Every structure is written in structure tokens, then in C-alpha cells.
Amino acid sequence: MLTAGKGEYAMSLFGLRPEEPAAIRIREAATRGTLSHALLLTGSGDRMSAACFAAAALECTGGESRPCGVCPACRKVLAGIHPDVITVRDPDHKNIAVDVVRAIRADAYIRPNEGRRKVYVFPDCALLTEQDQNVLLKVVEEGPPYAAFLFCAENAAVVLQTLRSRCVELKLHPAAEGGGEEVQAAEALCRCLAARKRGKVTELAVRLEKKRITREDLSALLERSRALCAAALLLQYGQEPEESCREIAPILAKNLTKSQIMRTIELLQKYRGECTYNVGTGHVLGAIAVELEGIL
């Protein structure tokens, strides 16, 4: 039987909502030992967070629920330093070069350095050419039992049917409506900070800029984030947070130091002030992402 509290805690560490169906399926399958070695993560939700969560589930050495979020393997995956979890990128080319994919295919037959599995994460399958995907077919279907592949794509149609048929597809959903987009975005920002992984805040900032967030909504987002951080700081001093902060504040309090939270509050206040002037939201998002990641 799964321990819901521990499972939800692990989800929150990886920036996933406890009610996210895909994350629940990953956790339940991993705990039973039936998680597929090939996942296709699609939809408009946070696919990379889900991929990180799945990678931790495959590597987890914990007990009752996988990923546990606290074992050394989970911590290394969360920090982006696990030697057997490889994110496939090719910064030198527009698309991923076939030579890079061939190198991954060869590497898959080398046993893991220290983990239970050798996990390859493909952040954006739109960058995989048809030739790339054909190169991967055989190793995904008939590769060694310790090799696992996590494919991310907003639309499953960018993945060839031949490769798609060898994967279990999990669709990620955007944050549920009800609290306002700025509230959801504020909670997402705080989860990124709690994860203490460089790059996650920047990725969120880029997504917000692409959505053309208004100065008013950005101001509300920053104020809500500041309130959550303030509640986390009070929690560290023994004061229970308000009901509206009881989900996020404990996550921040557990993973950030008092000085980190205080510095974060100062930055959020500073950039909320910027929103009252005629400053572009892209400028504010870029600047705050750099400074917040400097705190982590």
C-alpha cells in the first residue's frame, strides 16, 4: 500500500501537483516495479519535471513509495548530478544530430555506473529527426533491461508511430483552474525554488514570457510568491501558515535556509516594484530569474 503523504511530498519536490494523474501513474507503477522502460510524456503540463520524477522513480532505492525523494539516488536526480540519468541535447545543431543519437544507442549497452537503470531523457522530441527516431527504434524495443528512455513532446504526433508504439504515453495537464493563473504560476515558481535546481526558474520565466503575461498579472504573481515565502519563513520560526499557504510553505521551509528565503522575499519585493513602472515583463522575468537562481 502506498503512503500518500510521502508520495505527495516527492511530487512536490519535483515541481508536480499531487493530483497530476501522470505523476500518480508513474509513482504507482514504479512502486509495483512495473514502470515501463519507455515513456512518452505529452501535453501542456510540465513534461521535464515529470521526466525528472520518472527518472528518480527508476533509480530510487527507497522503500514504500518510489520515488521517495529522500534517498541518495533521488537526491542526485533532483540535483541533476546522477551519473546514470542523461539528458540528450545537441547545442551545436538546430536538431539533434544523428551521430549524437548513435552515441546514445551505443552507450545504452554499457552498464550503469552506480544506479539501477541507465536513463536517457529527451526534452523535446520535435528536435529528433525521422532518421534519429529510426536509429532509436531497435534499442528502445530490444535494448538491455537496464536501459530506459523518457521522451518529452507537447504533441505526440512529432514522434513516429513506430517509436510511439513502443512507449507508454502519459499526458501532462496544465495547472487546474480555480485559483487564477497568477496563483498557479506563483506556486510553480515556489516549487522551482524548493527544487534548488538551476535552470528551472529560467524555464518557467521563458514560459511566462511566451504567454505574454501582463505587468498586472506579473505583479500579482510576485506578490503571491512573496506571501508564500513569508509564510515559509514564519513556519521556520514555529508559526503555522494560513490555510492558503499550507501546501507550498512547508515545501519552501524544508528545502531553503532562512537566509535564502529572506533574500528571495527581498528580490520579489524589488521586482514587484519594477512592475509599477513602464518596464517590459520580459526584462523583469529575465532579471529576476538570474537573481533567484543565484540564491540557490
# chains A, B, ... in the order shown; residues from 1 in each chain; ligands from 1
call {"tool": "residues_around", "arguments": {"residues": "Gly43 (chain A)", "least_positions_apart": "3", "cutoff": "9 Å", "atoms": "only C-alpha atoms", "output": "PDB file with N, CA and C atoms, in the first residue's frame"}}
result
ATOM      1  N   ASP A  46       4.021  20.264 -17.214  1.00  0.00           N
ATOM      2  CA  ASP A  46       5.481  20.361 -17.065  1.00  0.00           C
ATOM      3  C   ASP A  46       6.113  19.002 -17.362  1.00  0.00           C
ATOM      4  N   ARG A  47       6.432  18.787 -18.628  1.00  0.00           N
ATOM      5  CA  ARG A  47       6.920  17.489 -19.071  1.00  0.00           C
ATOM      6  C   ARG A  47       8.297  17.156 -18.502  1.00  0.00           C
ATOM      7  N   CYS A 152       9.918  13.501 -24.290  1.00  0.00           N
ATOM      8  CA  CYS A 152       9.004  14.612 -23.997  1.00  0.00           C
ATOM      9  C   CYS A 152       8.574  15.267 -25.311  1.00  0.00           C
ATOM     10  N   ALA A 153       7.280  15.477 -25.448  1.00  0.00           N
ATOM     11  CA  ALA A 153       6.754  16.128 -26.652  1.00  0.00           C
ATOM     12  C   ALA A 153       5.407  16.740 -26.328  1.00  0.00           C
ATOM     13  N   GLU A 154       5.230  18.002 -26.672  1.00  0.00           N
ATOM     14  CA  GLU A 154       3.926  18.622 -26.416  1.00  0.00           C
ATOM     15  C   GLU A 154       2.839  17.901 -27.204  1.00  0.00           C
ATOM     16  N   ASN A 155       3.169  17.523 -28.428  1.00  0.00           N
ATOM     17  CA  ASN A 155       2.232  16.808 -29.285  1.00  0.00           C
ATOM     18  C   ASN A 155       2.843  15.471 -29.682  1.00  0.00           C
ATOM     19  N   ALA A 156       2.136  14.396 -29.394  1.00  0.00           N
ATOM     20  CA  ALA A 156       2.656  13.058 -29.690  1.00  0.00           C
ATOM     21  C   ALA A 156       2.892  12.840 -31.177  1.00  0.00           C
ATOM     22  N   LEU A 170       1.964   9.170 -21.447  1.00  0.00           N
ATOM     23  CA  LEU A 170       1.350   9.808 -20.283  1.00  0.00           C
ATOM     24  C   LEU A 170       1.165  11.280 -20.608  1.00  0.00           C
ATOM     25  N   LYS A 171      -0.072  11.755 -20.514  1.00  0.00           N
ATOM     26  CA  LYS A 171      -0.357  13.138 -20.868  1.00  0.00           C
ATOM     27  C   LYS A 171      -0.353  14.011 -19.637  1.00  0.00           C
ATOM     28  N   LEU A 172       0.435  15.092 -19.687  1.00  0.00           N
ATOM     29  CA  LEU A 172       0.537  16.039 -18.586  1.00  0.00           C
ATOM     30  C   LEU A 172      -0.489  17.145 -18.763  1.00  0.00           C
ATOM     31  N   HIS A 173      -1.148  17.503 -17.677  1.00  0.00           N
ATOM     32  CA  HIS A 173      -2.177  18.525 -17.728  1.00  0.00           C
ATOM     33  C   HIS A 173      -1.673  19.814 -17.109  1.00  0.00           C
ATOM     34  N   PRO A 174      -2.135  20.972 -17.636  1.00  0.00           N
ATOM     35  CA  PRO A 174      -1.751  22.246 -17.015  1.00  0.00           C
ATOM     36  C   PRO A 174      -2.382  22.366 -15.647  1.00  0.00           C
TER      37      PRO A 174
END
call {"tool": "atom_distance", "arguments": {"atom1": "CA of Cys52 (chain A)", "atom2": "CA of Arg246 (chain A)"}}
result
24.7 Å
call {"tool": "closest_residue", "arguments": {"among": "A:Leu13, A:Ile213, A:Ser219, A:Lys200", "to": "Lys254 (chain A)", "atoms": "only C-alpha atoms"}}
result
A:Leu13
call {"tool": "residues_around", "arguments": {"residues": "Ala79 (chain A)", "least_positions_apart": "5", "cutoff": "10 Å", "atoms": "only C-alpha atoms", "output": "list in words"}}
result
Cys52, Ala73, Cys74, Ala195, Arg196, Lys197 and Arg198 of chain A
call {"tool": "write_last_selection", "arguments": {"atoms": "C-alpha atoms", "output": "PDB file, in the first residue's frame"}}
result
ATOM      1  CA  CYS A  52      12.803  14.006 -13.772  1.00  0.00           C
ATOM      2  CA  ALA A  73      19.610   8.320  -5.815  1.00  0.00           C
ATOM      3  CA  CYS A  74      16.516  10.572  -5.733  1.00  0.00           C
ATOM      4  CA  ALA A 195      13.728  22.045  -6.041  1.00  0.00           C
ATOM      5  CA  ARG A 196      17.015  24.012  -5.846  1.00  0.00           C
ATOM      6  CA  LYS A 197      17.872  23.046  -9.387  1.00  0.00           C
ATOM      7  CA  ARG A 198      19.438  25.663 -11.613  1.00  0.00           C
TER       8      ARG A 198
END
call {"tool": "select_by_dssp", "arguments": {"residues": "region 37-217 of chain A", "states": "strand (DSSP E)", "output": "number ranges by chain"}}
result
A: 38-43, 85-87, 118-122, 147-152, 168-172
call {"tool": "write_last_selection", "arguments": {"atoms": "N, CA and C atoms", "output": "PDB file, in the first residue's frame"}}
result
ATOM      1  N   ALA A  38      10.092   2.766 -21.359  1.00  0.00           N
ATOM      2  CA  ALA A  38       9.966   3.775 -22.416  1.00  0.00           C
ATOM      3  C   ALA A  38       8.679   4.565 -22.197  1.00  0.00           C
ATOM      4  N   LEU A  39       8.825   5.831 -21.819  1.00  0.00           N
ATOM      5  CA  LEU A  39       7.667   6.694 -21.570  1.00  0.00           C
ATOM      6  C   LEU A  39       7.662   7.841 -22.565  1.00  0.00           C
ATOM      7  N   LEU A  40       6.478   8.187 -23.032  1.00  0.00           N
ATOM      8  CA  LEU A  40       6.292   9.358 -23.880  1.00  0.00           C
ATOM      9  C   LEU A  40       5.423  10.335 -23.093  1.00  0.00           C
ATOM     10  N   LEU A  41       6.010  11.432 -22.671  1.00  0.00           N
ATOM     11  CA  LEU A  41       5.328  12.421 -21.845  1.00  0.00           C
ATOM     12  C   LEU A  41       4.859  13.562 -22.736  1.00  0.00           C
ATOM     13  N   THR A  42       3.554  13.713 -22.858  1.00  0.00           N
ATOM     14  CA  THR A  42       2.990  14.688 -23.784  1.00  0.00           C
ATOM     15  C   THR A  42       2.076  15.661 -23.042  1.00  0.00           C
ATOM     16  N   GLY A  43       1.500  16.619 -23.795  1.00  0.00           N
ATOM     17  CA  GLY A  43       0.557  17.551 -23.201  1.00  0.00           C
ATOM     18  C   GLY A  43       1.195  18.875 -22.843  1.00  0.00           C
ATOM     19  N   VAL A  85      21.637   9.226 -15.296  1.00  0.00           N
ATOM     20  CA  VAL A  85      20.488   9.924 -15.891  1.00  0.00           C
ATOM     21  C   VAL A  85      21.041  10.968 -16.848  1.00  0.00           C
ATOM     22  N   ILE A  86      20.860  10.722 -18.137  1.00  0.00           N
ATOM     23  CA  ILE A  86      21.489  11.533 -19.180  1.00  0.00           C
ATOM     24  C   ILE A  86      20.429  12.305 -19.947  1.00  0.00           C
ATOM     25  N   THR A  87      20.538  13.633 -19.955  1.00  0.00           N
ATOM     26  CA  THR A  87      19.647  14.465 -20.746  1.00  0.00           C
ATOM     27  C   THR A  87      20.287  14.677 -22.110  1.00  0.00           C
ATOM     28  N   LYS A 118      19.944   2.859 -16.538  1.00  0.00           N
ATOM     29  CA  LYS A 118      20.574   3.886 -17.371  1.00  0.00           C
ATOM     30  C   LYS A 118      19.415   4.623 -18.047  1.00  0.00           C
ATOM     31  N   VAL A 119      19.205   5.875 -17.693  1.00  0.00           N
ATOM     32  CA  VAL A 119      18.014   6.600 -18.128  1.00  0.00           C
ATOM     33  C   VAL A 119      18.403   7.734 -19.080  1.00  0.00           C
ATOM     34  N   TYR A 120      17.759   7.766 -20.239  1.00  0.00           N
ATOM     35  CA  TYR A 120      18.018   8.800 -21.237  1.00  0.00           C
ATOM     36  C   TYR A 120      16.766   9.671 -21.386  1.00  0.00           C
ATOM     37  N   VAL A 121      16.940  10.967 -21.176  1.00  0.00           N
ATOM     38  CA  VAL A 121      15.818  11.912 -21.225  1.00  0.00           C
ATOM     39  C   VAL A 121      15.946  12.770 -22.487  1.00  0.00           C
ATOM     40  N   PHE A 122      14.891  12.786 -23.283  1.00  0.00           N
ATOM     41  CA  PHE A 122      14.847  13.600 -24.496  1.00  0.00           C
ATOM     42  C   PHE A 122      13.869  14.755 -24.243  1.00  0.00           C
ATOM     43  N   ALA A 147      18.268  -0.277 -19.538  1.00  0.00           N
ATOM     44  CA  ALA A 147      18.173   0.975 -20.292  1.00  0.00           C
ATOM     45  C   ALA A 147      16.733   1.476 -20.302  1.00  0.00           C
ATOM     46  N   ALA A 148      16.559   2.777 -20.078  1.00  0.00           N
ATOM     47  CA  ALA A 148      15.222   3.378 -20.073  1.00  0.00           C
ATOM     48  C   ALA A 148      15.258   4.688 -20.867  1.00  0.00           C
ATOM     49  N   PHE A 149      14.115   5.019 -21.475  1.00  0.00           N
ATOM     50  CA  PHE A 149      14.040   6.177 -22.355  1.00  0.00           C
ATOM     51  C   PHE A 149      12.799   6.998 -22.019  1.00  0.00           C
ATOM     52  N   LEU A 150      13.008   8.294 -21.784  1.00  0.00           N
ATOM     53  CA  LEU A 150      11.924   9.195 -21.440  1.00  0.00           C
ATOM     54  C   LEU A 150      11.851  10.280 -22.515  1.00  0.00           C
ATOM     55  N   PHE A 151      10.787  10.243 -23.304  1.00  0.00           N
ATOM     56  CA  PHE A 151      10.615  11.170 -24.420  1.00  0.00           C
ATOM     57  C   PHE A 151       9.578  12.233 -24.059  1.00  0.00           C
ATOM     58  N   CYS A 152       9.918  13.501 -24.290  1.00  0.00           N
ATOM     59  CA  CYS A 152       9.004  14.612 -23.997  1.00  0.00           C
ATOM     60  C   CYS A 152       8.574  15.267 -25.311  1.00  0.00           C
ATOM     61  N   VAL A 168       4.868   3.904 -23.500  1.00  0.00           N
ATOM     62  CA  VAL A 168       3.629   4.174 -22.768  1.00  0.00           C
ATOM     63  C   VAL A 168       3.473   5.687 -22.724  1.00  0.00           C
ATOM     64  N   GLU A 169       2.362   6.194 -23.268  1.00  0.00           N
ATOM     65  CA  GLU A 169       2.151   7.638 -23.302  1.00  0.00           C
ATOM     66  C   GLU A 169       1.434   8.108 -22.043  1.00  0.00           C
ATOM     67  N   LEU A 170       1.964   9.170 -21.447  1.00  0.00           N
ATOM     68  CA  LEU A 170       1.350   9.808 -20.283  1.00  0.00           C
ATOM     69  C   LEU A 170       1.165  11.280 -20.608  1.00  0.00           C
ATOM     70  N   LYS A 171      -0.072  11.755 -20.514  1.00  0.00           N
ATOM     71  CA  LYS A 171      -0.357  13.138 -20.868  1.00  0.00           C
ATOM     72  C   LYS A 171      -0.353  14.011 -19.637  1.00  0.00           C
ATOM     73  N   LEU A 172       0.435  15.092 -19.687  1.00  0.00           N
ATOM     74  CA  LEU A 172       0.537  16.039 -18.586  1.00  0.00           C
ATOM     75  C   LEU A 172      -0.489  17.145 -18.763  1.00  0.00           C
TER      76      LEU A 172
END
call {"tool": "closest_residue", "arguments": {"among": "A:Ile81, A:Ile261, A:Ala55, A:Cys275", "to": "Cys68 (chain A)", "atoms": "only C-alpha atoms"}}
result
A:Ala55
call {"tool": "closest_residue", "arguments": {"among": "A:Val140, A:Thr257, A:Leu268, A:Leu221", "to": "Tyr237 (chain A)", "atoms": "only C-alpha atoms"}}
result
A:Thr257
call {"tool": "closest_residue", "arguments": {"among": "A:Ala103, A:Leu136, A:Met262, A:Ala51", "to": "Leu78 (chain A)", "atoms": "only C-alpha atoms"}}
result
A:Ala51
call {"tool": "decode", "arguments": {"residues": "region 204-229 of chain A", "atoms": "N, CA, C and O atoms", "output": "CSV table (one decimal), in the first residue's frame"}}
result
chain,number,residue,atom,x,y,z
A,204,LEU,N,10.7,28.4,-16.3
A,204,LEU,CA,9.4,29.0,-16.0
A,204,LEU,C,9.2,30.4,-16.5
A,204,LEU,O,8.2,30.8,-17.1
A,205,ALA,N,10.3,31.2,-16.3
A,205,ALA,CA,10.2,32.6,-16.8
A,205,ALA,C,10.0,32.7,-18.3
A,205,ALA,O,9.3,33.5,-18.8
A,206,VAL,N,10.7,31.8,-19.1
A,206,VAL,CA,10.5,31.8,-20.5
A,206,VAL,C,9.1,31.4,-20.9
A,206,VAL,O,8.5,32.0,-21.8
A,207,ARG,N,8.5,30.4,-20.2
A,207,ARG,CA,7.1,30.0,-20.5
A,207,ARG,C,6.2,31.2,-20.2
A,207,ARG,O,5.2,31.5,-21.0
A,208,LEU,N,6.4,32.0,-19.1
A,208,LEU,CA,5.5,33.1,-18.8
A,208,LEU,C,5.7,34.2,-19.8
A,208,LEU,O,4.7,34.8,-20.2
A,209,GLU,N,6.9,34.4,-20.3
A,209,GLU,CA,7.1,35.5,-21.3
A,209,GLU,C,6.4,35.1,-22.6
A,209,GLU,O,5.8,35.9,-23.3
A,210,LYS,N,6.5,33.8,-23.0
A,210,LYS,CA,5.8,33.3,-24.2
A,210,LYS,C,4.3,33.5,-24.1
A,210,LYS,O,3.7,33.7,-25.2
A,211,LYS,N,3.8,33.4,-22.9
A,211,LYS,CA,2.3,33.6,-22.8
A,211,LYS,C,2.0,35.1,-22.7
A,211,LYS,O,0.8,35.4,-22.6
A,212,ARG,N,3.0,36.0,-22.9
A,212,ARG,CA,2.8,37.4,-22.9
A,212,ARG,C,2.1,37.9,-21.6
A,212,ARG,O,1.0,38.6,-21.6
A,213,ILE,N,2.6,37.5,-20.5
A,213,ILE,CA,2.0,37.9,-19.2
A,213,ILE,C,2.0,39.4,-19.0
A,213,ILE,O,3.0,40.0,-19.4
A,214,THR,N,0.9,39.9,-18.5
A,214,THR,CA,0.8,41.4,-18.4
A,214,THR,C,1.6,41.8,-17.1
A,214,THR,O,1.9,41.0,-16.2
A,215,ARG,N,1.9,43.1,-17.0
A,215,ARG,CA,2.6,43.7,-15.8
A,215,ARG,C,1.7,43.5,-14.6
A,215,ARG,O,2.2,43.2,-13.5
A,216,GLU,N,0.4,43.6,-14.7
A,216,GLU,CA,-0.5,43.5,-13.6
A,216,GLU,C,-0.5,42.0,-13.1
A,216,GLU,O,-0.4,41.8,-11.9
A,217,ASP,N,-0.5,41.1,-14.0
A,217,ASP,CA,-0.5,39.7,-13.6
A,217,ASP,C,0.8,39.3,-13.0
A,217,ASP,O,0.9,38.5,-12.1
A,218,LEU,N,1.9,39.8,-13.6
A,218,LEU,CA,3.2,39.5,-13.1
A,218,LEU,C,3.4,40.1,-11.7
A,218,LEU,O,3.9,39.5,-10.8
A,219,SER,N,2.8,41.3,-11.5
A,219,SER,CA,2.9,41.9,-10.1
A,219,SER,C,2.1,41.0,-9.1
A,219,SER,O,2.6,40.8,-8.0
A,220,ALA,N,1.0,40.5,-9.5
A,220,ALA,CA,0.2,39.6,-8.6
A,220,ALA,C,0.9,38.3,-8.4
A,220,ALA,O,0.9,37.8,-7.2
A,221,LEU,N,1.6,37.8,-9.4
A,221,LEU,CA,2.4,36.6,-9.2
A,221,LEU,C,3.5,36.8,-8.2
A,221,LEU,O,3.7,35.9,-7.3
A,222,LEU,N,4.2,37.9,-8.3
A,222,LEU,CA,5.3,38.1,-7.4
A,222,LEU,C,4.8,38.4,-6.0
A,222,LEU,O,5.5,37.9,-5.1
A,223,GLU,N,3.7,39.0,-5.9
A,223,GLU,CA,3.2,39.3,-4.5
A,223,GLU,C,2.7,38.0,-3.9
A,223,GLU,O,3.0,37.7,-2.7
A,224,ARG,N,2.1,37.1,-4.7
A,224,ARG,CA,1.7,35.8,-4.1
A,224,ARG,C,2.9,35.0,-3.7
A,224,ARG,O,2.9,34.3,-2.7
A,225,SER,N,3.9,35.0,-4.6
A,225,SER,CA,5.2,34.3,-4.3
A,225,SER,C,5.8,34.8,-3.0
A,225,SER,O,6.3,34.0,-2.2
A,226,ARG,N,5.8,36.1,-2.8
A,226,ARG,CA,6.3,36.7,-1.6
A,226,ARG,C,5.6,36.3,-0.4
A,226,ARG,O,6.2,36.0,0.6
A,227,ALA,N,4.3,36.2,-0.5
A,227,ALA,CA,3.4,35.8,0.6
A,227,ALA,C,3.7,34.3,1.0
A,227,ALA,O,3.8,34.0,2.2
A,228,LEU,N,3.9,33.5,0.0
A,228,LEU,CA,4.3,32.1,0.3
A,228,LEU,C,5.6,32.0,1.0
A,228,LEU,O,5.8,31.2,1.9
A,229,CYS,N,6.6,32.8,0.5
A,229,CYS,CA,7.9,32.7,1.1
A,229,CYS,C,7.9,33.3,2.5
A,229,CYS,O,8.5,32.7,3.4
